[in-house]
Amino acid sequence: MAEHKYLLFLGCAIPYRVVAYEISARKILQRLGVEIVEMPEFNCCGLPLDPVSHETMLILAARNLAIAEQKGLDVVALCPGCAGTLKKVSKMLKEDKHMCEEINGRLKEAGLEFKGTVTAKHLLQVLVEDVGLEKIKEMVVRPLTNVKVAEHNGCHILRPKEYIGFDDPEDPKTLKTLIEATGATCLDYLDETECCGAPSVGVNDKIALQLARDKLNHIKTVDAQAMITICPFCHIMYDTNELRIEKMFNEVYGIPILHYPQLLGLAMGMSPEELAFNELRVDCSKILGQVCEGGK
Amino acid sequence: MTETAEKPIKASEMDPKFKYEISKMHGGEKVMRCFQCGTCTSDCPVARFSETYRPRQIIRMTQLGLRDRVLNSDTLWLCAACFTCTDRCPQDVEVASVIRVLRNLAAEKGIVPQMFKEEASSILESGYAYRIPELRLKKRETLGLPPLPKGNPGSIGKTLREIGFLKCVEKKGG
């Protein structure tokens with residue numbers, strides 16, 4: 001029997017266009033003994049609508065938490081936006097009785113009630129807090145020695161610190177430690193904690209792409225062979241847009257953008273095919289050639 | 001939406017009650033603490049690349065009660081909600097949340113960028129913020145992934161109608 005059991009909160013962006021993250025995350029969790037149960041019912045975590053209606057966001061998040069409570073299982077989210085929203089709303093409703101009553105009044109007709117009995121975590125937290133670094137290191141059969149990468153945490157895994165309460169937003173260490181557990185080197189670079197720009201896409205694409213370019217420049221400066229992300233939106237921002245940014249600003253990067261579970265999966269001996277590397281836009285053949293024999 | 005921030009301020013534009021209204025809303029409670037140090041703007045990733053987006057200015061306009069200017073301003077929608085300003089504010093103002101409160105008020109007036117309307121309508125149709133094409137759902141099967149959990153748009157739509165949300169996203173404008 002698995003030691004840890006979680007409801008998987010996929011969110012909207014991952015099934016929409018970041019399937020490699022889901023595939024690789026499921027693979028590593030299974031191998032690490034974390035049992036995954038599918039959500040019986042799902043709706044958007046609410047974050048995308050917070051700018052339009054805070055109350056709508058609260059209702060949508062609380063619905064998901066109440067569904068998880070009915071299942072009696074804690075939630076693991078792969079998207080930091082979803083994880084952050086579920087955490088934040090859970091804390092808000094627990095601390096504000098009046099708000100909790102109001103939201104529960106809205107959920108009543110659907111036969112749901114938020115009681116605050118389940119916890120929501122991001123994948124990284126499950127890896128460090130439940131599985132543990134020692135076990136992860138034990139599972140590494142193909143240490144990624146000589147591989148030099150740069151991490152990108154993104155915003156919602158860390159901020160706002162009052163609600164997220166995970167790692168140090170000014171000097172985050174968790175992802176670095178997890179990258180180093182694979183045997184790879186995690187390089188420091190300028191403005192590591194800066195936003196990818198994804199939330200500005202659709203409102204002002206130019207600002208969004210300038211932000212993404214800025215980070216790619218900093219990563220190129222330190223000669224990273226890849227960028228490691230843990231957020232579907234950050235991943236889209238860099239992987240999907242890298243070619244566009246290269247053309248738009250006359251730059252050359254060629255930096256592959258990997259989901260952390262893909263990196264860990266490689267170190268655990270899985271093949272690039274199993275880890276859905278073929279779903280990535282930026283060519284990964286160089287780094288795969290270095291890690292695996294014949295790149296397979 | 002028009003950009004009016006650069007025009008001189010007239011006393012008649014200022015609504016002294018506005019800041020109290022914002023202070024009563026969730027996330028806006030500490031808006032009056034801002035002493036205009038500018039930490040939010042200097043640390044803002046969007047402000048680095050925008051000529052117009054200045055979170056400090058938005059907070060000051062709110063304190064001064066420049067309701068129409070701030071709610072009609074395009075720049076209100078540029079915040080990426082990275083929460084750097086909130087985390088670093090020496091006065092503990094939840095800058096990003098004040099901006100969200102202002103956006104909510106703008107939305108009540110029907111000012112909502114198209115992108116949010118699309119996400120809202122998708123959630124009301126399927127529970128998901130994006131319309132996931134049939135082809136991708138089929139691809140999940142071939143990849144050996146379990147089917148996606150179903151949304152309950154009927155139930156969500158009913159609740160969101162009750163709270164008046166639908167009016168924000170159905171109105172023209174934005």
# chains A, B, ... in the order shown; residues from 1 in each chain; ligands from 1
call {"tool": "closest_atom_pairs", "arguments": {"of": "chain B", "to": "chain A", "cutoff": "6 Å", "atoms": "only C-alpha atoms", "output": "Markdown table"}}
result
| residue | atom | partner | partner_atom | distance |
| --- | --- | --- | --- | --- |
| B:Phe49 | CA | A:Ile207 | CA | 5.8 |
| B:Ala80 | CA | A:Pro199 | CA | 5.0 |
| B:Cys82 | CA | A:Cys155 | CA | 5.3 |
| B:Phe83 | CA | A:Pro160 | CA | 5.5 |
| B:Asp87 | CA | A:Pro160 | CA | 5.9 |
| B:Arg100 | CA | A:Pro51 | CA | 5.2 |
| B:Arg103 | CA | A:Pro51 | CA | 5.7 |
| B:Asn104 | CA | A:Val52 | CA | 4.9 |
| B:Ala107 | CA | A:Val52 | CA | 5.6 |
| B:Gly127 | CA | A:Asn43 | CA | 4.4 |
| B:Tyr128 | CA | A:Cys44 | CA | 5.1 |
| B:Ala129 | CA | A:Cys12 | CA | 5.9 |
| B:Ile132 | CA | A:Tyr16 | CA | 5.3 |
| B:Pro149 | CA | A:Glu41 | CA | 5.3 |
| B:Lys150 | CA | A:Glu41 | CA | 5.3 |
| B:Gly151 | CA | A:Phe42 | CA | 4.9 |
call {"tool": "residues_around", "arguments": {"residues": "Leu73 of chain A", "least_positions_apart": "6", "cutoff": "7 Å", "atoms": "only C-alpha atoms", "output": "PyMOL selection string"}}
result
chain A and resi 6-7+118
call {"tool": "select_by_dssp", "arguments": {"residues": "segment 21-127 of chain B", "states": "helix (DSSP H, G or I)", "output": "ChimeraX atom specification"}}
result
/B:21-23,31-33,39-43,45-49,55-64,67-72,74-78,84-88,95-108,114-126
call {"tool": "residues_around", "arguments": {"residues": "Ile14 of chain A", "least_positions_apart": "4", "cutoff": "10 Å", "atoms": "only C-alpha atoms", "output": "ChimeraX atom specification"}}
result
/A:10,18-22,78-79,231-233,236
call {"tool": "closest_residue", "arguments": {"among": "A:Asn146, A:Thr177, A:Ser90, A:Asn104", "to": "Gly132 of chain A", "atoms": "only C-alpha atoms"}}
result
A:Thr177
